[in-house]
Amino acid sequence: MHGGNVRSKSTMLQVDNPYTGEVFCEVEMVDRAEAERAVTAAKRAQLEWRQTSLDERLALCNRFMDAMESMRDQVADEISGMMGKPRHQAFGEVGGVYERTNGMMAHAPHVLAEETLETKNGCERSITREPVGVVLAICPWNFPLLTAVNTIVPAILAGNAVVVKHSERTPLCGEHFQRAFEIAGAPKGLVTSVNCTHDVTATMIHDRRVNFVSFTGSVRGGHEVYRTVANERFINATLELGGKDPAYVAPDADAAEAAAGLVDGAMFNAGQSCCGIERVYVHTSKYDDFLAAAKELCDAYVLGDPMCGETHNGPQALPTSVPFLEGQVKDAVSKGARLLSGSSSGTHDASGRGRFFAPTLLADCTHDMDVMVEESFGPILPVTRVESDEEAVARMNDSSYGLTAAIFTQSQERVRDMGKSIETGTVFMNRCDYLDPDLPWTAGGENTGKGVSLSKYGFDGVTRLKGFNMRV
């Protein structure tokens, strides 16, 4: 599971500001008994909440969005302070909460409606979607609101209660959701934030009143969660894990437009995105033009204070990130990659603060370099040339990950043809690094996880089907 530069003092968790290095916040870590009480309260609230109508649940979610809006300044400031996201981008993340909440609210009446089948042999038949009960949402730090809302809102709309265990890097974000739902008038315990260790989290997973687990984080964390879920339990789990998302620049693409989209897709949020672009295959006819345009864009990035509106990239959230990225770049250069922009070393901003890694562009990369096969989760864009669409597909599929893939081209037919063979959950044309609330967010590769969020299918994990067969 993702962690951060934290240290325990008694039952308190201290989180440093990755820009200033100072302690930004301190929160209490609950023990097993307190976590059990949280689950008890959630179960009690859920038994009441499941009796409500969908109209009541929709109204609560509308009020939740109003509450988040009233907290917007504080939420953005705290996200920036805990994980270094530029404040203007943190504001945008709050806006994304509205987009996804509205999207799931729009799907709820159809998805959650009772399905009536044709009468057969004198029996009336129907199918309902019932709430699973208590949902445990284990959320990461990189997009701390967006990753959480994907589970929380459909769970509430379906009649469940939610216990939120947020990352130790962004513990206040779980509290943002609890507070917003409290302001909205939710029953006590319906949405509860619990800050705790991995061992206590495992205890909650083992609790028979917890009926579904949603985890977003590292591959290692996903294995830990899934092993815990599988131990004496038969509940479902959704795991959104690592990514090494590829892109292809086809011979008919506009090289400059492709560079603009892919550099942003690689560098946004300092490269700390599960679906960020982590490797690019460029047709040989566009290779030099693409690299020239990408270098100009990378060189223009401004690193600095996340609270400053001129900052493009804030610091890396985790102290372990910079040495890891340094190792990937040095490995690539030692094996023949050309360093066109950025550096093989971490840096500070002009004031000497922050754990930054400059946007880095690498050319002539190969799959024997770590940077092309192992998740970077940082602002590195490795590029290599290919001779054909077929070679691009083969290289894109040469990975144990499979979240998204992007193709820059003028041909929809090319995207549909290539997309049939690309082993990812989403295929983009002329865009990348975006979640459409109406499309399923799902994996196409082993180490990217399992299950679905968003779209009408995002209700699958938080509901169970029940059939009614009634002779009349």
# chains A, B, ... in the order shown; residues from 1 in each chain; ligands from 1
call {"tool": "closest_atom_pairs", "arguments": {"of": "range 24-84 of chain A", "to": "range 310-325 of chain A", "cutoff": "12 Å", "atoms": "only C-alpha atoms", "output": "Markdown table"}}
result
| residue | atom | partner | partner_atom | distance |
| --- | --- | --- | --- | --- |
| A:Ile79 | CA | A:Ala317 | CA | 10.7 |
| A:Ser80 | CA | A:Gly314 | CA | 8.6 |
| A:Gly81 | CA | A:Ala317 | CA | 9.9 |
| A:Met82 | CA | A:Ala317 | CA | 7.8 |
| A:Met83 | CA | A:Ala317 | CA | 4.7 |
| A:Gly84 | CA | A:Gly314 | CA | 5.3 |
call {"tool": "residues_around", "arguments": {"residues": "Val302 in chain A", "least_positions_apart": "6", "cutoff": "12 Å", "atoms": "only C-alpha atoms", "output": "MDAnalysis selection string"}}
result
chainID A and resid 86 267:268 270 308:315 342 348:350 356:359
call {"tool": "write_last_selection", "arguments": {"atoms": "C-alpha atoms", "output": "short mmCIF file (atom, residue, chain, number, x, y, z; two decimals), in the first residue's frame"}}
result
data_model
loop_
_atom_site.label_atom_id
_atom_site.label_comp_id
_atom_site.auth_asym_id
_atom_site.auth_seq_id
_atom_site.Cartn_x
_atom_site.Cartn_y
_atom_site.Cartn_z
CA PRO A 86 -0.14 22.56 -7.23
CA MET A 267 4.18 15.14 -16.55
CA PHE A 268 0.83 16.16 -15.03
CA ALA A 270 4.55 15.39 -11.43
CA CYS A 308 1.98 29.53 -6.58
CA GLY A 309 -0.27 29.81 -9.63
CA GLU A 310 2.73 29.79 -12.01
CA THR A 311 3.91 26.36 -10.89
CA HIS A 312 3.46 23.53 -13.37
CA ASN A 313 4.84 20.70 -11.22
CA GLY A 314 5.11 20.45 -7.48
CA PRO A 315 7.56 18.21 -5.61
CA GLY A 342 15.77 17.07 -17.54
CA HIS A 348 15.21 21.79 -5.66
CA ASP A 349 13.41 24.90 -6.85
CA ALA A 350 15.05 28.35 -7.08
CA PHE A 356 11.72 17.78 -7.21
CA PHE A 357 12.48 15.72 -10.27
CA ALA A 358 12.56 17.76 -13.46
CA PRO A 359 10.48 16.64 -16.47
#
call {"tool": "residues_around", "arguments": {"residues": "range 417-425 of chain A", "least_positions_apart": "6", "cutoff": "12 Å", "atoms": "only C-alpha atoms", "output": "ChimeraX atom specification"}}
result
/A:240,243-248,250,275,388-409,411,435,439-453
call {"tool": "residues_around", "arguments": {"residues": "range 179-195 of chain A", "least_positions_apart": "2", "cutoff": "6 Å", "atoms": "only C-alpha atoms", "output": "PDB file with N, CA and C atoms, in the first residue's frame"}}
result
ATOM      1  N   MET A  29      -3.899   7.803  14.895  1.00  0.00           N
ATOM      2  CA  MET A  29      -4.059   6.473  14.317  1.00  0.00           C
ATOM      3  C   MET A  29      -4.896   5.629  15.280  1.00  0.00           C
ATOM      4  N   ALA A  41     -20.479   1.121  13.811  1.00  0.00           N
ATOM      5  CA  ALA A  41     -21.288   2.298  13.492  1.00  0.00           C
ATOM      6  C   ALA A  41     -21.715   2.297  12.033  1.00  0.00           C
ATOM      7  N   ALA A  42     -20.804   1.865  11.154  1.00  0.00           N
ATOM      8  CA  ALA A  42     -21.132   1.807   9.727  1.00  0.00           C
ATOM      9  C   ALA A  42     -22.242   0.790   9.465  1.00  0.00           C
ATOM     10  N   ALA A  45     -25.542   2.229  10.631  1.00  0.00           N
ATOM     11  CA  ALA A  45     -26.025   3.249   9.701  1.00  0.00           C
ATOM     12  C   ALA A  45     -26.541   2.623   8.415  1.00  0.00           C
ATOM     13  N   ARG A  63     -26.333  17.226  -1.845  1.00  0.00           N
ATOM     14  CA  ARG A  63     -25.907  18.048  -0.710  1.00  0.00           C
ATOM     15  C   ARG A  63     -24.429  17.817  -0.391  1.00  0.00           C
ATOM     16  N   PHE A  64     -23.952  16.590  -0.615  1.00  0.00           N
ATOM     17  CA  PHE A  64     -22.527  16.297  -0.441  1.00  0.00           C
ATOM     18  C   PHE A  64     -21.688  17.184  -1.358  1.00  0.00           C
ATOM     19  N   ALA A  67     -21.530  20.607  -0.006  1.00  0.00           N
ATOM     20  CA  ALA A  67     -20.628  20.670   1.142  1.00  0.00           C
ATOM     21  C   ALA A  67     -19.170  20.701   0.697  1.00  0.00           C
ATOM     22  N   MET A  68     -18.830  19.893  -0.303  1.00  0.00           N
ATOM     23  CA  MET A  68     -17.459  19.916  -0.819  1.00  0.00           C
ATOM     24  C   MET A  68     -17.122  21.286  -1.391  1.00  0.00           C
ATOM     25  N   ALA A 161     -22.993   1.580   3.478  1.00  0.00           N
ATOM     26  CA  ALA A 161     -22.179   2.496   4.271  1.00  0.00           C
ATOM     27  C   ALA A 161     -20.726   2.299   3.857  1.00  0.00           C
ATOM     28  N   VAL A 162     -19.891   3.310   4.092  1.00  0.00           N
ATOM     29  CA  VAL A 162     -18.500   3.264   3.641  1.00  0.00           C
ATOM     30  C   VAL A 162     -17.559   3.644   4.776  1.00  0.00           C
ATOM     31  N   VAL A 163     -16.544   2.817   4.976  1.00  0.00           N
ATOM     32  CA  VAL A 163     -15.417   3.172   5.840  1.00  0.00           C
ATOM     33  C   VAL A 163     -14.246   3.496   4.921  1.00  0.00           C
ATOM     34  N   VAL A 164     -13.693   4.701   5.080  1.00  0.00           N
ATOM     35  CA  VAL A 164     -12.607   5.169   4.216  1.00  0.00           C
ATOM     36  C   VAL A 164     -11.297   5.087   4.969  1.00  0.00           C
ATOM     37  N   LYS A 165     -10.374   4.291   4.447  1.00  0.00           N
ATOM     38  CA  LYS A 165      -9.010   4.247   4.981  1.00  0.00           C
ATOM     39  C   LYS A 165      -8.127   4.921   3.934  1.00  0.00           C
ATOM     40  N   GLY A 174      -9.576  11.496   3.747  1.00  0.00           N
ATOM     41  CA  GLY A 174     -10.672  10.670   4.230  1.00  0.00           C
ATOM     42  C   GLY A 174     -11.606  11.484   5.107  1.00  0.00           C
ATOM     43  N   GLU A 175     -11.018  12.362   5.915  1.00  0.00           N
ATOM     44  CA  GLU A 175     -11.818  13.219   6.779  1.00  0.00           C
ATOM     45  C   GLU A 175     -12.623  14.233   5.967  1.00  0.00           C
ATOM     46  N   HIS A 176     -12.100  14.652   4.801  1.00  0.00           N
ATOM     47  CA  HIS A 176     -12.869  15.557   3.939  1.00  0.00           C
ATOM     48  C   HIS A 176     -14.195  14.916   3.542  1.00  0.00           C
ATOM     49  N   PHE A 177     -14.164  13.649   3.179  1.00  0.00           N
ATOM     50  CA  PHE A 177     -15.389  12.966   2.770  1.00  0.00           C
ATOM     51  C   PHE A 177     -16.333  12.781   3.952  1.00  0.00           C
TER      52      PHE A 177
END
call {"tool": "atom_distance", "arguments": {"atom1": "CA of Glu232 in chain A", "atom2": "CA of Val213 in chain A"}}
result
14.4 Å
call {"tool": "residues_around", "arguments": {"residues": "Asp364 in chain A", "least_positions_apart": "4", "cutoff": "8 Å", "atoms": "only C-alpha atoms", "output": "ChimeraX atom specification"}}
result
/A:336-338,382-385
call {"tool": "write_last_selection", "arguments": {"atoms": "N, CA and C atoms", "output": "compact mmCIF listing (two decimals), in the first residue's frame"}}
result
# COMPACT_ATOMS: atom_id res chain seq x y z
N GLY A 336 22.36 3.28 -23.43
CA GLY A 336 22.30 3.89 -24.75
C GLY A 336 21.22 4.91 -24.98
N ALA A 337 20.38 5.20 -23.99
CA ALA A 337 19.35 6.22 -24.17
C ALA A 337 19.99 7.61 -24.19
N ARG A 338 19.38 8.52 -24.94
CA ARG A 338 19.84 9.91 -24.98
C ARG A 338 18.97 10.77 -24.06
N PRO A 382 10.02 8.23 -21.67
CA PRO A 382 10.96 7.48 -22.52
C PRO A 382 10.33 7.23 -23.90
N VAL A 383 11.12 7.41 -24.95
CA VAL A 383 10.62 7.34 -26.32
C VAL A 383 11.50 6.42 -27.15
N THR A 384 10.86 5.67 -28.04
CA THR A 384 11.60 4.86 -29.00
C THR A 384 10.88 4.88 -30.34
N ARG A 385 11.59 4.55 -31.40
CA ARG A 385 10.99 4.56 -32.74
C ARG A 385 10.52 3.16 -33.12
call {"tool": "atom_distance", "arguments": {"atom1": "CA of Ser214 in chain A", "atom2": "CA of Ala148 in chain A"}}
result
9.1 Å
call {"tool": "atom_distance", "arguments": {"atom1": "CA of Gly221 in chain A", "atom2": "CA of Gly276 in chain A"}}
result
19.4 Å
